[in-house]
Each structure stands twice: as structure tokens, then as C-alpha cells.
>>> print(open('upload35.tsv').read())   # TSV, N, CA and C atoms and all ligand atoms
chain	number	residue	atom	x	y	z
A	1	MET	N	61.78	224.05	-104.72
A	1	MET	CA	62.97	224.63	-105.31
A	1	MET	C	63.53	223.67	-106.35
A	2	SER	N	63.80	224.19	-107.55
A	2	SER	CA	64.32	223.31	-108.60
A	2	SER	C	65.82	223.11	-108.45
A	3	GLU	N	66.27	222.04	-109.03
A	3	GLU	CA	67.70	221.70	-108.96
A	3	GLU	C	68.50	222.67	-109.83
A	4	PRO	N	69.64	223.15	-109.35
A	4	PRO	CA	70.44	224.06	-110.17
A	4	PRO	C	71.00	223.36	-111.41
A	5	ALA	N	71.21	224.13	-112.46
A	5	ALA	CA	71.81	223.58	-113.68
A	5	ALA	C	73.24	223.12	-113.37
A	6	PRO	N	73.76	222.14	-114.13
A	6	PRO	CA	75.15	221.71	-113.91
A	6	PRO	C	76.11	222.90	-114.03
A	7	TYR	N	77.07	222.94	-113.14
A	7	TYR	CA	78.02	224.06	-113.15
A	7	TYR	C	78.92	224.00	-114.38
A	8	TYR	N	79.34	222.78	-114.74
A	8	TYR	CA	80.13	222.55	-115.97
A	8	TYR	C	79.35	221.61	-116.89
A	9	ARG	N	79.52	221.79	-118.18
A	9	ARG	CA	78.91	220.88	-119.14
A	9	ARG	C	79.63	219.54	-119.13
A	10	ALA	N	80.93	219.58	-118.93
A	10	ALA	CA	81.72	218.34	-118.91
A	10	ALA	C	82.86	218.48	-117.91
A	11	HIS	N	83.23	217.37	-117.34
A	11	HIS	CA	84.29	217.32	-116.34
A	11	HIS	C	85.22	216.17	-116.70
A	12	LEU	N	86.51	216.45	-116.83
A	12	LEU	CA	87.50	215.41	-117.13
A	12	LEU	C	88.36	215.20	-115.90
A	13	PHE	N	88.48	213.95	-115.50
A	13	PHE	CA	89.35	213.60	-114.39
A	13	PHE	C	90.50	212.75	-114.92
A	14	PHE	N	91.71	213.24	-114.72
A	14	PHE	CA	92.92	212.54	-115.14
A	14	PHE	C	93.56	211.88	-113.93
A	15	CYS	N	93.81	210.60	-114.03
A	15	CYS	CA	94.62	209.97	-112.99
A	15	CYS	C	96.06	210.42	-113.18
A	16	THR	N	96.66	210.94	-112.12
A	16	THR	CA	98.07	211.35	-112.18
A	16	THR	C	98.87	210.64	-111.07
A	17	HIS	N	98.31	209.54	-110.60
A	17	HIS	CA	98.89	208.83	-109.47
A	17	HIS	C	100.24	208.18	-109.84
A	18	LYS	N	101.16	208.19	-108.87
A	18	LYS	CA	102.46	207.53	-109.04
A	18	LYS	C	102.72	206.59	-107.87
A	19	ARG	N	103.15	205.39	-108.21
A	19	ARG	CA	103.60	204.45	-107.17
A	19	ARG	C	105.10	204.26	-107.31
A	20	ASP	N	105.68	203.73	-106.28
A	20	ASP	CA	107.13	203.51	-106.40
A	20	ASP	C	107.40	202.25	-107.22
A	21	GLU	N	108.66	202.00	-107.47
A	21	GLU	CA	109.01	200.93	-108.42
A	21	GLU	C	108.78	199.52	-107.89
A	22	ASP	N	108.34	199.39	-106.64
A	22	ASP	CA	108.04	198.07	-106.11
A	22	ASP	C	106.69	197.53	-106.59
A	23	TYR	N	105.96	198.32	-107.31
A	23	TYR	CA	104.63	197.92	-107.76
A	23	TYR	C	104.65	197.49	-109.22
A	24	GLN	N	103.75	196.53	-109.54
A	24	GLN	CA	103.66	196.05	-110.92
A	24	GLN	C	103.28	197.16	-111.88
A	25	ARG	N	102.31	197.96	-111.46
A	25	ARG	CA	101.90	199.10	-112.28
A	25	ARG	C	102.28	200.35	-111.52
A	26	ARG	N	103.03	201.20	-112.15
A	26	ARG	CA	103.61	202.32	-111.42
A	26	ARG	C	102.73	203.56	-111.43
A	27	GLY	N	101.61	203.49	-112.11
A	27	GLY	CA	100.66	204.60	-112.06
A	27	GLY	C	100.71	205.49	-113.28
A	28	CYS	N	99.57	206.08	-113.56
A	28	CYS	CA	99.43	206.94	-114.75
A	28	CYS	C	100.40	208.11	-114.74
A	29	GLY	N	100.77	208.55	-113.56
A	29	GLY	CA	101.70	209.67	-113.45
A	29	GLY	C	103.05	209.39	-114.06
A	30	HIS	N	103.41	208.12	-114.21
A	30	HIS	CA	104.69	207.77	-114.83
A	30	HIS	C	104.61	207.80	-116.36
A	31	PHE	N	103.44	208.12	-116.88
A	31	PHE	CA	103.28	208.22	-118.34
A	31	PHE	C	103.04	209.66	-118.76
A	32	ASP	N	103.49	210.60	-117.96
A	32	ASP	CA	103.33	212.03	-118.25
A	32	ASP	C	101.87	212.47	-118.28
A	33	ALA	N	101.02	211.76	-117.56
A	33	ALA	CA	99.60	212.12	-117.53
A	33	ALA	C	99.41	213.55	-117.03
A	34	ASP	N	100.19	213.93	-116.03
A	34	ASP	CA	100.04	215.27	-115.46
A	34	ASP	C	100.36	216.35	-116.50
A	35	ALA	N	101.47	216.18	-117.19
A	35	ALA	CA	101.88	217.18	-118.20
A	35	ALA	C	100.88	217.23	-119.35
A	36	MET	N	100.42	216.08	-119.79
A	36	MET	CA	99.45	216.06	-120.90
A	36	MET	C	98.11	216.66	-120.48
A	37	ALA	N	97.70	216.39	-119.24
A	37	ALA	CA	96.45	216.98	-118.74
A	37	ALA	C	96.58	218.51	-118.67
A	38	LYS	N	97.74	218.97	-118.23
A	38	LYS	CA	97.95	220.43	-118.15
A	38	LYS	C	97.95	221.06	-119.54
A	39	SER	N	98.51	220.36	-120.52
A	39	SER	CA	98.49	220.87	-121.90
A	39	SER	C	97.05	220.97	-122.40
A	40	LEU	N	96.25	219.95	-122.12
A	40	LEU	CA	94.86	219.99	-122.56
A	40	LEU	C	94.12	221.13	-121.85
A	41	LYS	N	94.40	221.30	-120.58
A	41	LYS	CA	93.75	222.38	-119.82
A	41	LYS	C	94.07	223.74	-120.46
A	42	ALA	N	95.31	223.91	-120.90
A	42	ALA	CA	95.70	225.15	-121.56
A	42	ALA	C	94.94	225.35	-122.87
A	43	VAL	N	94.76	224.27	-123.62
A	43	VAL	CA	94.02	224.36	-124.88
A	43	VAL	C	92.56	224.73	-124.61
A	44	VAL	N	91.97	224.10	-123.59
A	44	VAL	CA	90.58	224.41	-123.22
A	44	VAL	C	90.46	225.90	-122.90
A	45	LYS	N	91.44	226.43	-122.19
A	45	LYS	CA	91.42	227.85	-121.83
A	45	LYS	C	91.60	228.72	-123.08
A	46	GLU	N	92.57	228.37	-123.92
A	46	GLU	CA	92.83	229.14	-125.15
A	46	GLU	C	91.58	229.23	-126.03
A	47	ARG	N	90.83	228.16	-126.07
A	47	ARG	CA	89.63	228.12	-126.93
A	47	ARG	C	88.39	228.71	-126.25
A	48	GLY	N	88.58	229.25	-125.06
A	48	GLY	CA	87.46	229.90	-124.38
A	48	GLY	C	86.42	228.92	-123.86
A	49	LEU	N	86.86	227.68	-123.56
A	49	LEU	CA	85.91	226.65	-123.13
A	49	LEU	C	85.98	226.38	-121.62
A	50	SER	N	86.81	227.12	-120.90
A	50	SER	CA	87.03	226.75	-119.50
A	50	SER	C	85.82	227.03	-118.59
A	51	LYS	N	84.84	227.78	-119.07
A	51	LYS	CA	83.63	227.96	-118.25
A	51	LYS	C	82.68	226.78	-118.39
A	52	GLU	N	82.87	225.96	-119.44
A	52	GLU	CA	81.97	224.82	-119.61
A	52	GLU	C	82.65	223.46	-119.49
A	53	ILE	N	83.98	223.43	-119.65
A	53	ILE	CA	84.71	222.16	-119.55
A	53	ILE	C	85.79	222.32	-118.48
A	54	ARG	N	85.76	221.43	-117.50
A	54	ARG	CA	86.72	221.49	-116.40
A	54	ARG	C	87.67	220.29	-116.48
A	55	VAL	N	88.96	220.58	-116.41
A	55	VAL	CA	89.98	219.53	-116.41
A	55	VAL	C	90.56	219.44	-115.00
A	56	ASN	N	90.47	218.26	-114.39
A	56	ASN	CA	90.98	218.06	-113.04
A	56	ASN	C	91.95	216.89	-112.95
A	57	MET	N	92.91	217.03	-112.06
A	57	MET	CA	93.82	215.93	-111.75
A	57	MET	C	93.18	215.11	-110.62
A	58	ALA	N	93.45	213.83	-110.64
A	58	ALA	CA	92.90	212.95	-109.61
A	58	ALA	C	93.92	211.91	-109.21
A	59	GLY	N	93.63	211.24	-108.12
A	59	GLY	CA	94.44	210.10	-107.72
A	59	GLY	C	94.05	208.88	-108.55
A	60	CYS	N	94.45	207.71	-108.08
A	60	CYS	CA	94.17	206.48	-108.82
A	60	CYS	C	92.66	206.31	-109.01
A	61	LEU	N	92.27	206.05	-110.26
A	61	LEU	CA	90.86	205.85	-110.60
A	61	LEU	C	90.53	204.36	-110.70
A	62	HIS	N	91.49	203.53	-110.35
A	62	HIS	CA	91.32	202.08	-110.24
A	62	HIS	C	91.06	201.40	-111.60
A	63	ARG	N	91.64	201.97	-112.63
A	63	ARG	CA	91.63	201.28	-113.94
A	63	ARG	C	93.06	201.27	-114.47
A	64	CYS	N	93.97	200.94	-113.57
A	64	CYS	CA	95.40	201.07	-113.81
A	64	CYS	C	95.92	200.23	-114.97
A	65	ARG	N	95.26	199.14	-115.27
A	65	ARG	CA	95.76	198.29	-116.36
A	65	ARG	C	95.75	199.01	-117.70
A	66	HIS	N	95.04	200.14	-117.78
A	66	HIS	CA	94.96	200.90	-119.03
A	66	HIS	C	95.76	202.20	-118.97
A	67	GLU	N	96.60	202.34	-117.98
A	67	GLU	CA	97.29	203.61	-117.74
A	67	GLU	C	98.03	204.12	-118.98
A	68	PRO	N	97.93	205.46	-119.16
A	68	PRO	CA	97.22	206.47	-118.37
A	68	PRO	C	95.77	206.62	-118.82
A	69	VAL	N	94.90	206.98	-117.87
A	69	VAL	CA	93.47	207.04	-118.15
A	69	VAL	C	92.87	208.40	-117.80
A	70	VAL	N	91.76	208.70	-118.49
A	70	VAL	CA	90.95	209.87	-118.17
A	70	VAL	C	89.50	209.44	-118.28
A	71	VAL	N	88.64	209.99	-117.41
A	71	VAL	CA	87.21	209.72	-117.50
A	71	VAL	C	86.49	211.05	-117.72
A	72	VAL	N	85.50	210.99	-118.61
A	72	VAL	CA	84.74	212.19	-118.98
A	72	VAL	C	83.33	212.06	-118.44
A	73	TYR	N	82.94	213.02	-117.61
A	73	TYR	CA	81.58	213.09	-117.09
A	73	TYR	C	80.86	214.29	-117.69
A	74	PRO	N	79.55	214.25	-117.87
A	74	PRO	CA	78.63	213.39	-117.13
A	74	PRO	C	78.42	212.00	-117.72
A	75	GLU	N	79.00	211.70	-118.89
A	75	GLU	CA	78.70	210.41	-119.51
A	75	GLU	C	79.40	209.23	-118.84
A	76	GLY	N	80.51	209.49	-118.15
A	76	GLY	CA	81.28	208.40	-117.56
A	76	GLY	C	81.98	207.56	-118.61
A	77	VAL	N	82.50	208.23	-119.63
A	77	VAL	CA	83.23	207.55	-120.71
A	77	VAL	C	84.72	207.58	-120.39
A	78	TRP	N	85.34	206.39	-120.49
A	78	TRP	CA	86.76	206.24	-120.13
A	78	TRP	C	87.62	206.11	-121.37
A	79	TYR	N	88.79	206.77	-121.31
A	79	TYR	CA	89.76	206.67	-122.39
A	79	TYR	C	91.14	206.38	-121.81
A	80	SER	N	91.93	205.70	-122.63
A	80	SER	CA	93.36	205.59	-122.40
A	80	SER	C	94.03	206.39	-123.51
A	81	PHE	N	95.04	207.14	-123.17
A	81	PHE	CA	95.66	208.03	-124.15
A	81	PHE	C	97.17	207.91	-124.07
A	82	GLY	N	97.84	208.39	-125.13
A	82	GLY	CA	99.30	208.27	-125.12
A	82	GLY	C	100.01	209.53	-125.59
A	83	SER	N	99.25	210.54	-125.92
A	83	SER	CA	99.89	211.75	-126.46
A	83	SER	C	98.96	212.95	-126.34
A	84	ASP	N	99.54	214.12	-126.54
A	84	ASP	CA	98.73	215.34	-126.59
A	84	ASP	C	97.72	215.26	-127.74
A	85	ALA	N	98.14	214.63	-128.85
A	85	ALA	CA	97.24	214.51	-130.01
A	85	ALA	C	96.01	213.67	-129.65
A	86	ASP	N	96.19	212.61	-128.86
A	86	ASP	CA	95.04	211.82	-128.42
A	86	ASP	C	94.07	212.68	-127.62
A	87	LEU	N	94.61	213.51	-126.74
A	87	LEU	CA	93.73	214.34	-125.90
A	87	LEU	C	93.03	215.42	-126.72
A	88	LEU	N	93.72	215.95	-127.71
A	88	LEU	CA	93.07	216.92	-128.60
A	88	LEU	C	91.92	216.26	-129.35
A	89	GLU	N	92.14	215.01	-129.75
A	89	GLU	CA	91.07	214.28	-130.45
A	89	GLU	C	89.88	214.06	-129.53
A	90	ILE	N	90.14	213.75	-128.26
A	90	ILE	CA	89.05	213.58	-127.29
A	90	ILE	C	88.30	214.91	-127.12
A	91	LEU	N	89.05	216.00	-127.03
A	91	LEU	CA	88.41	217.32	-126.90
A	91	LEU	C	87.52	217.61	-128.10
A	92	GLU	N	88.08	217.45	-129.28
A	92	GLU	CA	87.35	217.84	-130.48
A	92	GLU	C	86.22	216.88	-130.83
A	93	THR	N	86.47	215.58	-130.69
A	93	THR	CA	85.47	214.59	-131.09
A	93	THR	C	84.40	214.38	-130.02
A	94	HIS	N	84.83	214.18	-128.79
A	94	HIS	CA	83.87	213.88	-127.73
A	94	HIS	C	83.20	215.15	-127.20
A	95	LEU	N	84.03	216.13	-126.83
A	95	LEU	CA	83.49	217.28	-126.10
A	95	LEU	C	82.89	218.36	-127.01
A	96	ILE	N	83.35	218.44	-128.22
A	96	ILE	CA	82.81	219.47	-129.12
A	96	ILE	C	81.79	218.87	-130.08
A	97	VAL	N	82.14	217.78	-130.74
A	97	VAL	CA	81.22	217.17	-131.73
A	97	VAL	C	80.19	216.27	-131.04
A	98	GLY	N	80.55	215.66	-129.91
A	98	GLY	CA	79.60	214.80	-129.20
A	98	GLY	C	79.67	213.34	-129.59
A	99	LYS	N	80.74	212.95	-130.29
A	99	LYS	CA	80.92	211.53	-130.64
A	99	LYS	C	81.97	210.91	-129.71
A	100	ARG	N	82.37	209.69	-130.00
A	100	ARG	CA	83.37	209.01	-129.17
A	100	ARG	C	84.61	208.75	-129.99
A	101	VAL	N	85.76	208.73	-129.31
A	101	VAL	CA	87.02	208.35	-129.95
A	101	VAL	C	87.17	206.86	-129.70
A	102	THR	N	86.59	206.07	-130.57
A	102	THR	CA	86.44	204.64	-130.29
A	102	THR	C	87.77	203.92	-130.12
A	103	ARG	N	88.80	204.36	-130.84
A	103	ARG	CA	90.09	203.65	-130.74
A	103	ARG	C	90.73	203.82	-129.35
A	104	LEU	N	90.29	204.80	-128.57
A	104	LEU	CA	90.88	205.05	-127.25
A	104	LEU	C	89.97	204.61	-126.09
A	105	LEU	N	88.77	204.11	-126.41
A	105	LEU	CA	87.83	203.73	-125.34
A	105	LEU	C	88.33	202.54	-124.53
A	106	LEU	N	88.07	202.57	-123.24
A	106	LEU	CA	88.34	201.41	-122.40
A	106	LEU	C	87.18	200.43	-122.52
A	107	PRO	N	87.43	199.16	-122.23
A	107	PRO	CA	86.34	198.18	-122.31
A	107	PRO	C	85.29	198.42	-121.23
A	108	ASP	N	84.10	197.85	-121.46
A	108	ASP	CA	83.04	197.93	-120.46
A	108	ASP	C	83.48	197.24	-119.18
A	109	ARG	N	82.85	197.60	-118.10
A	109	ARG	CA	83.16	197.04	-116.79
A	109	ARG	C	83.12	195.51	-116.78
A	110	GLY	N	82.13	194.94	-117.46
A	110	GLY	CA	81.97	193.50	-117.45
A	110	GLY	C	83.03	192.74	-118.23
A	111	GLU	N	83.84	193.46	-118.99
A	111	GLU	CA	84.83	192.81	-119.85
A	111	GLU	C	86.20	192.68	-119.21
A	112	GLU	N	86.35	193.13	-117.97
A	112	GLU	CA	87.66	193.01	-117.33
A	112	GLU	C	87.49	192.85	-115.82
A	113	PRO	N	88.40	192.13	-115.19
A	113	PRO	CA	88.32	191.99	-113.74
A	113	PRO	C	88.80	193.27	-113.06
A	114	LEU	N	88.25	193.57	-111.91
A	114	LEU	CA	88.75	194.70	-111.13
A	114	LEU	C	89.86	194.21	-110.22
A	115	GLY	N	90.70	195.11	-109.80
A	115	GLY	CA	91.74	194.79	-108.84
A	115	GLY	C	92.88	194.00	-109.45
A	116	GLN	N	93.76	193.50	-108.63
A	116	GLN	CA	94.91	192.68	-109.03
A	116	GLN	C	95.87	193.43	-109.97
A	117	HIS	N	95.77	194.72	-110.02
A	117	HIS	CA	96.57	195.43	-110.99
A	117	HIS	C	97.62	196.34	-110.36
A	118	HIS	N	97.61	196.49	-109.08
A	118	HIS	CA	98.65	197.33	-108.49
A	118	HIS	C	99.23	196.70	-107.23
A	119	LYS	N	99.40	195.39	-107.33
A	119	LYS	CA	100.03	194.69	-106.21
A	119	LYS	C	101.52	194.97	-106.19
A	120	PRO	N	102.12	194.89	-105.00
A	120	PRO	CA	103.58	194.97	-104.96
A	120	PRO	C	104.19	193.80	-105.74
A	121	ARG	N	105.35	194.00	-106.29
A	121	ARG	CA	106.02	192.93	-107.04
A	121	ARG	C	106.39	191.79	-106.12
B	1	LIG	S1	97.24	204.59	-111.29
B	1	LIG	FE1	95.99	205.52	-112.82
B	1	LIG	S2	94.10	204.45	-112.68
B	1	LIG	FE2	95.30	203.62	-111.10
>>> encode(input="upload35.tsv", output="C-alpha cells")
Amino acid sequence: MSEPAPYYRAHLFFCTHKRDEDYQRRGCGHFDADAMAKSLKAVVKERGLSKEIRVNMAGCLHRCRHEPVVVVYPEGVWYSFGSDADLLEILETHLIVGKRVTRLLLPDRGEEPLGQHHKPR
């Protein structure tokens, strides 16, 4: 039996996690990540792309130092964004044209330490 084709062409996971104010990093959810992700989801639907591109909310993705963040699969490309315009650029450049929005890319794994970013104050 052959493996089924991917259900979606691309999957975006948005961290929408929120921590209380006792933490050094309060989470992507404090940067309106949830509202911006929902706006992008609406655009994906308006453009008739929701059968091939799925937008999902997620908990902490453990790259909090770049908050707010989104990861795009299947490539596993990470972005930090600050506006609806940034997300539209990711949709149009990455998901439609197939290029990268280099100004929003997160560094490679080897270029930053993991952890130590959401300790209590
Ligand atoms: S709170 Fe968003 S990546 Fe950790």
C-alpha cells in the first residue's frame, strides 16, 4: 500500500502562548499573534487556499526569544513577524511564489542557545 498524499500542501503553526507577568518573556500571545493568525486564516479562505494551506494556533514553540513566531511546514521554516503585512508577505512570497521572506527568517538552530528564555523573573 502506498503512502497517502499530504493532506495539506503547507501547514502554518502560530505560537499564541501567554505567560503571566512574572516571566521574562510573556509569550507570543502578548504580541497579538492570535489576532494576526486569524486575519491570515481569513485571507487564506478568501483566496480559496484553505484546502491546501492550513493555519493553526499552537502553544509555545520554544523559540520565545523571537516572539511572535510562526513555523511553516513541510519545510520547517521559521519566521518572526510584527504585523498583518508581514504575514501577507509570508503568504505571497513563501507559500505562493515559493521563495523566502529573508528579513523575517529566524536564525539557524546552531546560531542560538535553546532555553533560558522563559524563566520567571
Ligand atoms: S511563547 Fe511563543 S515560542 Fe514560546
>>> residues_near_ligand(input="upload35.tsv", ligand="ligand LIG 1 (chain B)", cutoff="6 Å", atoms="only C-alpha atoms and all ligand atoms", output="NGL selection string")
:A and (15 or 17 or 27-28 or 60-64 or 67-68)
>>> write_last_selection(input="upload35.tsv", atoms="N, CA and C atoms", output="short mmCIF file (atom, residue, chain, number, x, y, z; two decimals), in the coordinates of the input")
data_model
loop_
_atom_site.label_atom_id
_atom_site.label_comp_id
_atom_site.auth_asym_id
_atom_site.auth_seq_id
_atom_site.Cartn_x
_atom_site.Cartn_y
_atom_site.Cartn_z
N CYS A 15 93.81 210.60 -114.03
CA CYS A 15 94.62 209.97 -112.99
C CYS A 15 96.06 210.42 -113.18
N HIS A 17 98.31 209.54 -110.60
CA HIS A 17 98.89 208.83 -109.47
C HIS A 17 100.24 208.18 -109.84
N GLY A 27 101.61 203.49 -112.11
CA GLY A 27 100.66 204.60 -112.06
C GLY A 27 100.71 205.49 -113.28
N CYS A 28 99.57 206.08 -113.56
CA CYS A 28 99.43 206.94 -114.75
C CYS A 28 100.40 208.11 -114.74
N CYS A 60 94.45 207.71 -108.08
CA CYS A 60 94.17 206.48 -108.82
C CYS A 60 92.66 206.31 -109.01
N LEU A 61 92.27 206.05 -110.26
CA LEU A 61 90.86 205.85 -110.60
C LEU A 61 90.53 204.36 -110.70
N HIS A 62 91.49 203.53 -110.35
CA HIS A 62 91.32 202.08 -110.24
C HIS A 62 91.06 201.40 -111.60
N ARG A 63 91.64 201.97 -112.63
CA ARG A 63 91.63 201.28 -113.94
C ARG A 63 93.06 201.27 -114.47
N CYS A 64 93.97 200.94 -113.57
CA CYS A 64 95.40 201.07 -113.81
C CYS A 64 95.92 200.23 -114.97
N GLU A 67 96.60 202.34 -117.98
CA GLU A 67 97.29 203.61 -117.74
C GLU A 67 98.03 204.12 -118.98
N PRO A 68 97.93 205.46 -119.16
CA PRO A 68 97.22 206.47 -118.37
C PRO A 68 95.77 206.62 -118.82
#
>>> closest_residue(input="upload35.tsv", among="A:Val77, A:Val101, A:Ala10, A:Leu87", to="Ala42 in chain A", atoms="only C-alpha atoms")
A:Leu87
>>> closest_residue(input="upload35.tsv", among="A:Ser2, A:Val55, A:Gly76, A:Tyr23", to="Lys38 in chain A", atoms="only N, CA and C atoms")
A:Val55
>>> select_by_dssp(input="upload35.tsv", residues="chain A", states="helix (DSSP H, G or I)", output="VMD selection string")
chain A and resid 28 to 31 33 to 46 64 to 66 84 to 97 102 to 104 109 to 111
>>> atom_distance(input="upload35.tsv", atom1="atom N of Glu52 in chain A", atom2="atom N of Pro107 in chain A")
27.3 Å
>>> closest_residue(input="upload35.tsv", among="A:Asp32, A:Asp20, A:Glu111, A:Glu75", to="Gly98 in chain A", atoms="only C-alpha atoms")
A:Glu75
>>> closest_residue(input="upload35.tsv", among="A:Arg25, A:Val97, A:Phe13, A:Met1", to="Arg65 in chain A", atoms="all atoms listed in the file")
A:Arg25
>>> select_by_dssp(input="upload35.tsv", residues="chain A", states="strand (DSSP E)", output="list in words")
Ala10, His11, Leu12, Phe13, Phe14, Cys15, Ile53, Arg54, Val55, Asn56, Met57, Ala58, Val69, Val70, Val71, Val72, Tyr73, Val77, Trp78, Tyr79 and Ser80 of chain A
>>> write_last_selection(input="upload35.tsv", atoms="N, CA and C atoms", output="tab-separated table (two decimals), keeping the file's coordinate frame")
chain	number	residue	atom	x	y	z
A	10	ALA	N	80.93	219.58	-118.93
A	10	ALA	CA	81.72	218.34	-118.91
A	10	ALA	C	82.86	218.48	-117.91
A	11	HIS	N	83.23	217.37	-117.34
A	11	HIS	CA	84.29	217.32	-116.34
A	11	HIS	C	85.22	216.17	-116.70
A	12	LEU	N	86.51	216.45	-116.83
A	12	LEU	CA	87.50	215.41	-117.13
A	12	LEU	C	88.36	215.20	-115.90
A	13	PHE	N	88.48	213.95	-115.50
A	13	PHE	CA	89.35	213.60	-114.39
A	13	PHE	C	90.50	212.75	-114.92
A	14	PHE	N	91.71	213.24	-114.72
A	14	PHE	CA	92.92	212.54	-115.14
A	14	PHE	C	93.56	211.88	-113.93
A	15	CYS	N	93.81	210.60	-114.03
A	15	CYS	CA	94.62	209.97	-112.99
A	15	CYS	C	96.06	210.42	-113.18
A	53	ILE	N	83.98	223.43	-119.65
A	53	ILE	CA	84.71	222.16	-119.55
A	53	ILE	C	85.79	222.32	-118.48
A	54	ARG	N	85.76	221.43	-117.50
A	54	ARG	CA	86.72	221.49	-116.40
A	54	ARG	C	87.67	220.29	-116.48
A	55	VAL	N	88.96	220.58	-116.41
A	55	VAL	CA	89.98	219.53	-116.41
A	55	VAL	C	90.56	219.44	-115.00
A	56	ASN	N	90.47	218.26	-114.39
A	56	ASN	CA	90.98	218.06	-113.04
A	56	ASN	C	91.95	216.89	-112.95
A	57	MET	N	92.91	217.03	-112.06
A	57	MET	CA	93.82	215.93	-111.75
A	57	MET	C	93.18	215.11	-110.62
A	58	ALA	N	93.45	213.83	-110.64
A	58	ALA	CA	92.90	212.95	-109.61
A	58	ALA	C	93.92	211.91	-109.21
A	69	VAL	N	94.90	206.98	-117.87
A	69	VAL	CA	93.47	207.04	-118.15
A	69	VAL	C	92.87	208.40	-117.80
A	70	VAL	N	91.76	208.70	-118.49
A	70	VAL	CA	90.95	209.87	-118.17
A	70	VAL	C	89.50	209.44	-118.28
A	71	VAL	N	88.64	209.99	-117.41
A	71	VAL	CA	87.21	209.72	-117.50
A	71	VAL	C	86.49	211.05	-117.72
A	72	VAL	N	85.50	210.99	-118.61
A	72	VAL	CA	84.74	212.19	-118.98
A	72	VAL	C	83.33	212.06	-118.44
A	73	TYR	N	82.94	213.02	-117.61
A	73	TYR	CA	81.58	213.09	-117.09
A	73	TYR	C	80.86	214.29	-117.69
A	77	VAL	N	82.50	208.23	-119.63
A	77	VAL	CA	83.23	207.55	-120.71
A	77	VAL	C	84.72	207.58	-120.39
A	78	TRP	N	85.34	206.39	-120.49
A	78	TRP	CA	86.76	206.24	-120.13
A	78	TRP	C	87.62	206.11	-121.37
A	79	TYR	N	88.79	206.77	-121.31
A	79	TYR	CA	89.76	206.67	-122.39
A	79	TYR	C	91.14	206.38	-121.81
A	80	SER	N	91.93	205.70	-122.63
A	80	SER	CA	93.36	205.59	-122.40
A	80	SER	C	94.03	206.39	-123.51
>>> atom_distance(input="upload35.tsv", atom1="atom C of Arg54 in chain A", atom2="CA of Lys41 in chain A")
7.2 Å
>>> closest_residue(input="upload35.tsv", among="A:Val70, A:Leu12, A:Leu88, A:Ala33", to="Ile53 in chain A", atoms="only N, CA and C atoms")
A:Leu12
>>> atom_distance(input="upload35.tsv", atom1="CA of Val69 in chain A", atom2="CA of Phe81 in chain A")
6.5 Å
>>> residues_around(input="upload35.tsv", residues="Phe14 in chain A", least_positions_apart="6", cutoff="6 Å", atoms="all atoms listed in the file", output="PyMOL selection string")
chain A and resi 56-59+69-71
>>> write_last_selection(input="upload35.tsv", atoms="N, CA and C atoms", output="mmCIF file, in the frame of the given file")
data_model
loop_
_atom_site.group_PDB
_atom_site.id
_atom_site.type_symbol
_atom_site.label_atom_id
_atom_site.label_comp_id
_atom_site.auth_asym_id
_atom_site.auth_seq_id
_atom_site.Cartn_x
_atom_site.Cartn_y
_atom_site.Cartn_z
ATOM 1 N N ASN A 56 90.470 218.260 -114.390
ATOM 2 C CA ASN A 56 90.980 218.060 -113.040
ATOM 3 C C ASN A 56 91.950 216.890 -112.950
ATOM 4 N N MET A 57 92.910 217.030 -112.060
ATOM 5 C CA MET A 57 93.820 215.930 -111.750
ATOM 6 C C MET A 57 93.180 215.110 -110.620
ATOM 7 N N ALA A 58 93.450 213.830 -110.640
ATOM 8 C CA ALA A 58 92.900 212.950 -109.610
ATOM 9 C C ALA A 58 93.920 211.910 -109.210
ATOM 10 N N GLY A 59 93.630 211.240 -108.120
ATOM 11 C CA GLY A 59 94.440 210.100 -107.720
ATOM 12 C C GLY A 59 94.050 208.880 -108.550
ATOM 13 N N VAL A 69 94.900 206.980 -117.870
ATOM 14 C CA VAL A 69 93.470 207.040 -118.150
ATOM 15 C C VAL A 69 92.870 208.400 -117.800
ATOM 16 N N VAL A 70 91.760 208.700 -118.490
ATOM 17 C CA VAL A 70 90.950 209.870 -118.170
ATOM 18 C C VAL A 70 89.500 209.440 -118.280
ATOM 19 N N VAL A 71 88.640 209.990 -117.410
ATOM 20 C CA VAL A 71 87.210 209.720 -117.500
ATOM 21 C C VAL A 71 86.490 211.050 -117.720
#
>>> closest_residue(input="upload35.tsv", among="A:Pro74, A:Thr16, A:Arg9, A:Gly82", to="Asp34 in chain A", atoms="all atoms listed in the file")
A:Thr16
>>> decode(input="upload35.tsv", residues="range 49-63 of chain A", atoms="C-alpha atoms", output="CSV table (one decimal), in the first residue's frame")
chain,number,residue,atom,x,y,z
A,49,LEU,CA,-6.5,28.4,-0.5
A,50,SER,CA,-7.9,26.8,2.6
A,51,LYS,CA,-7.9,23.3,1.1
A,52,GLU,CA,-4.2,23.4,0.6
A,53,ILE,CA,-2.9,25.7,3.3
A,54,ARG,CA,-3.8,25.2,6.9
A,55,VAL,CA,-3.3,27.8,9.6
A,56,ASN,CA,-3.2,26.5,13.2
A,57,MET,CA,-2.7,28.0,16.6
A,58,ALA,CA,-0.2,26.3,18.9
A,59,GLY,CA,1.3,26.6,22.3
A,60,CYS,CA,4.8,27.6,23.0
A,61,LEU,CA,7.1,26.5,20.1
A,62,HIS,CA,10.2,27.1,22.3
A,63,ARG,CA,11.7,29.9,20.2
